[in-house]
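Colleague: Below is the file query-v9.cif, which contains mmCIF, C-alpha atoms.
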```cif
data_final
#
loop_
_atom_site.label_atom_id
_atom_site.label_comp_id
_atom_site.auth_asym_id
_atom_site.auth_seq_id
_atom_site.Cartn_x
_atom_site.Cartn_y
_atom_site.Cartn_z
CA MET A 1 -0.85 125.56 112.17
CA SER A 2 -1.29 123.32 115.21
CA ARG A 3 -3.34 124.33 118.22
CA ARG A 4 -1.23 126.32 120.67
CA PRO A 5 -1.53 124.32 123.91
CA ASP A 6 -1.57 125.99 127.30
CA HIS A 7 0.28 123.11 128.96
CA ILE A 8 2.50 120.30 127.70
CA LYS A 9 4.54 117.67 129.50
CA LEU A 10 8.19 117.60 128.43
CA ALA A 11 10.76 114.85 129.02
CA VAL A 12 14.51 115.12 128.50
CA VAL A 13 16.33 111.79 128.52
CA GLN A 14 19.68 111.10 130.16
CA MET A 15 21.39 107.84 129.18
CA HIS A 16 24.66 105.99 128.77
CA VAL A 17 25.81 104.95 125.31
CA THR A 18 27.82 102.00 123.96
CA ASP A 19 29.42 101.20 120.60
CA GLN A 20 26.48 98.98 119.59
CA LEU A 21 23.72 100.63 117.55
CA GLU A 22 20.99 98.15 118.46
CA ASP A 23 21.83 98.35 122.16
CA ASN A 24 21.58 102.15 122.12
CA VAL A 25 18.43 102.29 120.01
CA SER A 26 16.65 99.69 122.14
CA ARG A 27 17.57 101.50 125.35
CA ALA A 28 16.51 104.86 123.90
CA MET A 29 13.16 103.42 122.84
CA GLY A 30 12.70 102.04 126.34
CA HIS A 31 13.31 105.49 127.81
CA VAL A 32 10.78 106.97 125.39
CA ARG A 33 8.19 104.42 126.52
CA ASP A 34 8.98 105.20 130.16
CA ALA A 35 8.59 108.94 129.53
CA ALA A 36 5.28 108.43 127.74
CA ALA A 37 4.05 106.28 130.63
CA GLN A 38 4.74 109.28 132.88
CA GLY A 39 2.59 111.47 130.65
CA ALA A 40 5.31 113.11 128.55
CA GLN A 41 4.11 114.44 125.20
CA VAL A 42 7.42 115.78 123.84
CA ILE A 43 10.49 113.61 124.49
CA LEU A 44 14.09 114.62 123.77
CA LEU A 45 16.93 112.09 123.50
CA PRO A 46 20.63 113.12 123.71
CA GLU A 47 22.77 114.14 120.74
CA LEU A 48 24.10 111.29 118.55
CA PHE A 49 22.82 108.66 121.00
CA GLU A 50 23.26 105.95 118.36
CA ASN A 51 26.96 105.40 119.18
CA LEU A 52 29.89 106.52 121.28
CA TYR A 53 30.80 110.17 120.81
CA PHE A 54 33.27 109.33 118.05
CA CYS A 55 34.26 112.99 117.58
CA GLN A 56 36.78 112.62 120.39
CA VAL A 57 39.23 111.61 117.64
CA GLU A 58 39.69 111.97 113.88
CA ARG A 59 39.32 108.57 112.20
CA GLU A 60 38.13 107.91 108.64
CA GLU A 61 36.28 104.74 109.62
CA TYR A 62 33.72 106.66 111.67
CA PHE A 63 32.22 108.23 108.54
CA ALA A 64 30.65 104.80 107.99
CA LEU A 65 28.32 105.55 110.91
CA ALA A 66 26.47 108.14 108.80
CA HIS A 67 23.28 107.26 106.89
CA GLU A 68 20.89 108.99 104.51
CA ILE A 69 17.40 109.77 105.75
CA GLU A 70 15.80 107.48 103.19
CA GLY A 71 16.19 103.91 104.40
CA HIS A 72 17.74 105.05 107.68
CA PRO A 73 18.39 102.19 110.14
CA PHE A 74 16.37 103.64 113.03
CA ILE A 75 14.47 106.84 112.16
CA GLY A 76 11.55 104.78 110.81
CA ARG A 77 11.39 102.78 114.03
CA PHE A 78 11.05 105.97 116.05
CA GLN A 79 8.33 107.19 113.67
CA GLU A 80 6.38 104.04 114.44
CA LEU A 81 7.02 104.50 118.16
CA ALA A 82 5.91 108.14 118.09
CA LYS A 83 2.67 107.13 116.37
CA GLU A 84 2.06 104.25 118.79
CA LEU A 85 2.59 106.42 121.88
CA GLY A 86 1.23 109.70 120.49
CA VAL A 87 4.39 111.66 121.33
CA VAL A 88 6.64 114.16 119.57
CA LEU A 89 10.25 113.03 119.10
CA PRO A 90 13.03 115.42 118.01
CA LEU A 91 15.65 112.83 117.02
CA SER A 92 19.41 113.36 116.63
CA TYR A 93 21.39 111.34 114.05
CA PHE A 94 24.55 111.35 111.88
CA GLU A 95 23.39 112.26 108.36
CA LYS A 96 24.99 111.43 105.01
CA ALA A 97 23.73 113.43 102.02
CA GLY A 98 25.63 112.83 98.81
CA GLN A 99 29.27 113.54 99.67
CA ALA A 100 28.35 115.73 102.66
CA HIS A 101 27.98 114.74 106.30
CA TYR A 102 25.94 116.55 108.92
CA ASN A 103 25.14 116.43 112.60
CA SER A 104 21.38 116.47 112.12
CA LEU A 105 17.99 116.12 113.76
CA VAL A 106 14.57 115.19 112.45
CA CYS A 107 11.37 116.18 114.20
CA ILE A 108 8.75 113.42 114.33
CA ASP A 109 5.19 114.45 115.13
CA ALA A 110 2.84 112.52 117.40
CA ASP A 111 1.25 110.75 114.42
CA GLY A 112 4.62 109.53 113.16
CA THR A 113 4.94 112.18 110.44
CA LEU A 114 8.45 113.38 109.66
CA LEU A 115 8.11 117.17 109.86
CA GLY A 116 11.57 118.09 108.61
CA ASN A 117 15.32 117.99 109.06
CA TYR A 118 17.69 120.39 110.85
CA ARG A 119 21.46 120.40 110.31
CA LYS A 120 23.57 121.67 113.20
CA THR A 121 24.62 125.25 112.50
CA HIS A 122 27.59 125.77 114.82
CA ILE A 123 30.29 123.09 114.59
CA PRO A 124 32.95 122.96 117.34
CA ASP A 125 36.61 122.11 116.77
CA GLY A 126 38.86 121.39 119.72
CA PRO A 127 40.55 118.57 121.66
CA GLY A 128 38.01 115.87 122.37
CA TYR A 129 35.36 117.59 120.21
CA GLU A 130 36.73 117.29 116.66
CA GLU A 131 33.41 117.86 114.91
CA LYS A 132 34.68 119.93 112.00
CA TYR A 133 36.52 116.83 110.77
CA TYR A 134 33.23 114.97 110.43
CA PHE A 135 30.46 117.50 109.84
CA ASN A 136 29.75 120.13 107.24
CA GLY A 137 28.26 123.33 108.65
CA GLY A 138 24.49 123.15 108.61
CA ASP A 139 22.70 124.74 105.65
CA THR A 140 19.05 124.46 106.71
CA GLY A 141 18.83 127.56 108.88
CA PHE A 142 17.21 127.31 112.29
CA LYS A 143 13.99 125.31 112.50
CA VAL A 144 10.76 125.54 114.47
CA TRP A 145 8.14 122.86 113.88
CA ASP A 146 4.39 122.93 114.34
CA THR A 147 3.60 119.74 116.24
CA GLN A 148 0.53 118.36 117.93
CA PHE A 149 2.02 119.66 121.18
CA GLY A 150 3.07 123.17 120.31
CA ARG A 151 5.77 124.84 118.24
CA VAL A 152 9.06 123.14 119.02
CA GLY A 153 12.43 124.84 118.45
CA VAL A 154 15.51 122.62 118.59
CA GLY A 155 19.22 123.46 118.41
CA ILE A 156 21.98 120.85 118.68
CA CYS A 157 24.67 120.94 121.40
CA TRP A 158 27.20 123.66 120.34
CA ASP A 159 24.22 125.70 119.09
CA GLN A 160 23.18 126.04 122.74
CA TRP A 161 26.04 128.46 123.47
CA TYR A 162 24.80 131.02 120.93
CA PRO A 163 22.13 133.54 121.97
CA GLU A 164 21.42 134.11 118.27
CA THR A 165 20.18 130.51 117.93
CA ALA A 166 17.68 130.88 120.76
CA ARG A 167 16.53 134.33 119.61
CA VAL A 168 15.91 133.25 116.02
CA MET A 169 13.86 130.24 117.07
CA MET A 170 11.78 132.38 119.40
CA LEU A 171 11.26 134.98 116.65
CA GLN A 172 10.04 132.11 114.48
CA GLY A 173 7.37 131.41 117.08
CA ALA A 174 8.77 128.60 119.22
CA ASP A 175 6.78 127.81 122.36
CA PHE A 176 9.86 126.32 124.06
CA LEU A 177 13.45 125.40 123.17
CA LEU A 178 15.27 122.07 123.28
CA TYR A 179 18.94 121.12 123.02
CA PRO A 180 20.17 117.51 122.65
CA THR A 181 23.76 117.38 123.91
CA ALA A 182 26.92 115.30 124.25
CA ILE A 183 29.21 117.16 126.67
CA GLY A 184 31.62 116.13 129.37
CA THR A 185 35.16 116.49 130.61
CA GLU A 186 37.90 118.10 128.56
CA PRO A 187 41.30 116.49 127.85
CA ALA A 188 43.94 117.26 130.49
CA GLU A 189 45.83 119.71 128.27
CA VAL A 190 42.79 121.97 127.78
CA ASP A 191 42.16 124.94 130.09
CA THR A 192 38.38 124.91 129.64
CA PRO A 193 36.64 124.32 132.99
CA ASN A 194 35.55 120.74 133.55
CA SER A 195 32.15 121.74 134.86
CA TYR A 196 28.54 121.43 133.78
CA LEU A 197 27.67 124.72 135.45
CA MET A 198 28.80 127.04 132.63
CA TRP A 199 26.91 124.83 130.17
CA GLN A 200 23.72 125.18 132.19
CA ARG A 201 24.13 128.91 132.80
CA ALA A 202 24.41 129.67 129.09
CA MET A 203 21.02 128.08 128.47
CA GLN A 204 19.49 129.58 131.59
CA GLY A 205 20.48 132.94 130.11
CA HIS A 206 18.60 132.09 126.92
CA ALA A 207 15.57 131.18 129.05
CA VAL A 208 15.73 134.55 130.81
CA SER A 209 16.29 136.75 127.75
CA ASN A 210 13.58 134.97 125.76
CA SER A 211 11.19 134.28 128.67
CA THR A 212 10.88 130.67 127.61
CA PHE A 213 11.16 127.12 128.93
CA ILE A 214 14.33 125.27 127.91
CA GLY A 215 15.19 121.57 128.12
CA ALA A 216 18.59 119.93 127.58
CA ALA A 217 19.35 116.19 127.32
CA ASN A 218 22.81 114.71 127.86
CA ARG A 219 24.62 111.40 128.07
CA ILE A 220 26.39 109.92 131.12
CA GLY A 221 29.29 107.59 131.84
CA LYS A 222 32.82 107.12 130.54
CA GLU A 223 33.45 106.60 126.84
CA ARG A 224 36.81 105.61 125.37
CA VAL A 225 37.41 106.31 121.68
CA GLY A 226 40.93 105.67 120.39
CA ASP A 227 43.36 106.85 123.07
CA LEU A 228 40.94 109.35 124.61
CA GLU A 229 38.41 108.91 127.37
CA GLN A 230 35.73 111.35 128.42
CA THR A 231 33.28 111.32 131.29
CA TYR A 232 29.95 112.84 130.32
CA TYR A 233 28.41 115.29 132.76
CA GLY A 234 24.81 114.24 132.79
CA HIS A 235 22.93 117.04 134.59
CA ALA A 236 20.13 117.05 132.02
CA PHE A 237 17.73 119.76 133.10
CA ILE A 238 14.64 121.84 132.40
CA ALA A 239 14.59 125.58 133.13
CA ASP A 240 11.48 127.72 133.33
CA TYR A 241 10.84 131.08 131.63
CA THR A 242 12.67 132.94 134.43
CA GLY A 243 15.80 130.81 134.00
CA GLU A 244 15.20 128.83 137.19
CA ILE A 245 16.14 125.16 136.97
CA VAL A 246 12.92 123.36 137.86
CA ALA A 247 14.03 119.77 137.17
CA GLU A 248 17.54 118.30 137.03
CA PHE A 249 19.37 114.99 137.08
CA GLY A 250 22.80 114.49 138.62
CA GLU A 251 25.84 112.77 137.08
CA THR A 252 24.61 109.18 137.12
CA GLU A 253 20.79 109.02 136.87
CA GLU A 254 19.46 107.41 133.72
CA GLY A 255 16.00 107.80 132.23
CA PRO A 256 13.49 110.54 131.46
CA LEU A 257 13.23 113.78 133.44
CA VAL A 258 9.61 114.95 133.16
CA PHE A 259 8.12 118.37 133.90
CA ASP A 260 4.87 120.16 133.09
CA LEU A 261 5.37 123.35 131.05
CA ASP A 262 2.82 126.11 131.66
CA LEU A 263 3.05 127.70 128.21
CA LYS A 264 0.12 130.02 128.80
CA GLU A 265 1.83 131.59 131.79
CA ALA A 266 5.11 131.81 129.87
CA ARG A 267 3.39 133.69 127.02
CA LYS A 268 1.84 136.12 129.49
CA PHE A 269 5.16 136.68 131.26
CA ARG A 270 7.03 137.11 127.95
CA ALA A 271 4.65 139.78 126.74
CA GLY A 272 4.87 141.66 130.03
CA MET A 273 8.69 141.65 130.10
CA GLY A 274 8.80 143.44 126.75
CA PHE A 275 12.04 141.90 125.53
CA PHE A 276 10.59 141.38 122.06
CA ARG A 277 8.74 144.70 122.04
CA ASP A 278 11.92 146.65 122.78
CA ARG A 279 14.22 144.99 120.28
CA ARG A 280 15.97 147.28 117.72
CA PRO A 281 16.86 144.97 114.82
CA GLU A 282 17.68 147.92 112.55
CA LEU A 283 20.73 148.53 114.77
CA TYR A 284 21.97 144.94 114.88
CA GLY A 285 23.91 144.98 111.60
CA PRO A 286 27.27 144.09 113.24
CA LEU A 287 25.76 140.75 114.23
CA LEU A 288 25.84 139.84 110.53
CA THR A 289 29.64 140.22 110.45
CA LEU A 290 32.60 138.34 111.91
CA ASP A 291 34.70 141.39 112.82
CA GLY A 292 31.94 143.82 113.75
CA GLN A 293 32.33 145.79 110.53
CA THR A 294 32.62 143.82 107.30
CA ARG A 295 29.46 142.29 106.00
CA ARG A 296 30.00 139.36 103.64
CA GLY A 297 28.02 139.16 100.43
#
```
Please render this file's structure as structure tokens.

Modeller:
Amino acid sequence: MSRRPDHIKLAVVQMHVTDQLEDNVSRAMGHVRDAAAQGAQVILLPELFENLYFCQVEREEYFALAHEIEGHPFIGRFQELAKELGVVLPLSYFEKAGQAHYNSLVCIDADGTLLGNYRKTHIPDGPGYEEKYYFNGGDTGFKVWDTQFGRVGVGICWDQWYPETARVMMLQGADFLLYPTAIGTEPAEVDTPNSYLMWQRAMQGHAVSNSTFIGAANRIGKERVGDLEQTYYGHAFIADYTGEIVAEFGETEEGPLVFDLDLKEARKFRAGMGFFRDRRPELYGPLLTLDGQTRRG
């Protein structure tokens, strides 16, 4: 197990995305270098930053964007970058595995080692976010990785709305939680609020109920895919262990948002709050059902 640091410097990256892989990868690598130059040790890029958010529409040709981990077109480049800069990189990508496709993330340690793969657990399905067409539901379970800069728990976008995701990762010993994201405006016919505030508040709630730091990365700008266009919120942020937003971008800033996490103080605060002491998991059986009663085999 890695040394449990008392402090780490976290960066969440906010960036625009085009339909050109090399353009996006080069820009993302530049943001990683910028973050490292500011002292960041763990650096989070947005969800599926390699291309436009193609899940706005259902088109067969977009399955060609998926790649297997072995021989992947850019994961190896980020491994080399992580080793060069001595930083931890949780890295989102579109995974192909046999006949299955996943919205996935690898965690790269500060020496370039690939620590493992996480497949997004919760897959949304709605206008402008047609992910169930492209992605199988994740089968890895939630992941927490021992890195050179603490135990890192990472969910992917839609996972961030589920308190169960945050709780499980904290029970597995995460020092802090990260969420790479692609979220913006809804199509006109949808009643869902076109606001980043509900998105932030959900994660701030996880920070409060788990007494932990949380960081979320997002994309910015307008993206047109097929006949649909979305404007991505931005508002990447870092919240502290009380749920307070301590660092935040607006709608247009691009680059890394860097903040020092006092993990020692968070551990002390978490123990004093007693949220984990007072849990009653023997009474939480209904959480393992869909209807509150019927447990599936």

Colleague: Out of A:Ile183, A:Ala82, A:Ile220, A:Ile156, which residue has the shortest atom-to-atom distance to Tyr102 in chain A when counting all atoms listed in the file?

Modeller: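 Going through A:Ile183, A:Ala82, A:Ile220, A:Ile156 one by one, the smallest distance to Tyr102 in chain A is for A:Ile156.
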
Colleague: What is the distance between CA of Gly272 in chain A and CA of Leu44 in chain A, in Å to one decimal?

Modeller: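 Distance between the two atoms: 29.2 Å.
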
Colleague: Of the residues A:Phe78, A:Phe54, A:Tyr129, A:Tyr232, which is the one nearest to Arg33 in chain A, using only C-alpha atoms?

Modeller: A:Phe78

Colleague: With all atoms listed in the file as the counted atoms, please give the residues lying no more than 10 Å from Trp161 in chain A, apart from itself and same-chain residues fewer than 4 positions off, as a PyMOL selection string.

Modeller: chain A and resi 122+155-157+165-166+198-203+205-206

Colleague: If you count all atoms listed in the file, which residues fall within 7 Å of Asp175 in chain A, apart from same-chain ones fewer than 4 positions away, as a list in words?

Modeller: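 My list of contacting residues is Gly150, Arg151, Val152 and Leu263 of chain A.
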
Colleague: Distance CA of Tyr118 in chain A-CA of Val88 in chain A, one decimal place?

Modeller: 15.4 Å

Colleague: Report the distance between CA of Leu114 in chain A and CA of Phe135 in chain A in Å, rounded to one decimal place.

Modeller: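 Result for CA of Leu114 in chain A versus CA of Phe135 in chain A: 22.4 Å, one decimal.
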
Colleague: Once the PyMOL selection byres ((chain A and resi 11) around 12) has been applied to the shown file, what residues remain in the selection, as a PyMOL selection string?

Modeller: chain A and resi 8-10+12-14+31-46+87-90+178-180+214-217+236-238+247-249+255-261

Colleague: Please write as a ChimeraX atom specification the full residue list that the PyMOL selection byres ((chain A and resi 127) around 12) yields on this file.

Modeller: /A:55-58,124-126,128-133,185-192,228-230

Colleague: If we count all atoms listed in the file, what is near Lys264 in chain A at a cut-off of 10 Å, once residues fewer than 3 positions away on the same chain are taken out, given as a list in words?

Modeller: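 Neighbouring residues, sequence-local ones excluded: Arg4, Pro5, Asp6, His7, Asp175, Leu261, Arg267, Lys268, Phe269 and Arg270 of chain A.
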
Colleague: Write out as a tab-separated table the residues of range 97-179 of chain A that have any atom within 12 Å of an atom of range 284-294 of chain A, one row each with the nearest atom pair and its distance in Å to one decimal, counting all atoms listed in the file, sorted by chain and then rising number.

Modeller:
```
residue	atom	partner	partner_atom	distance
A:Tyr162	CA	A:Leu287	CA	11.9
A:Pro163	CA	A:Leu287	CA	11.2
A:Glu164	CA	A:Leu287	CA	8.9
```
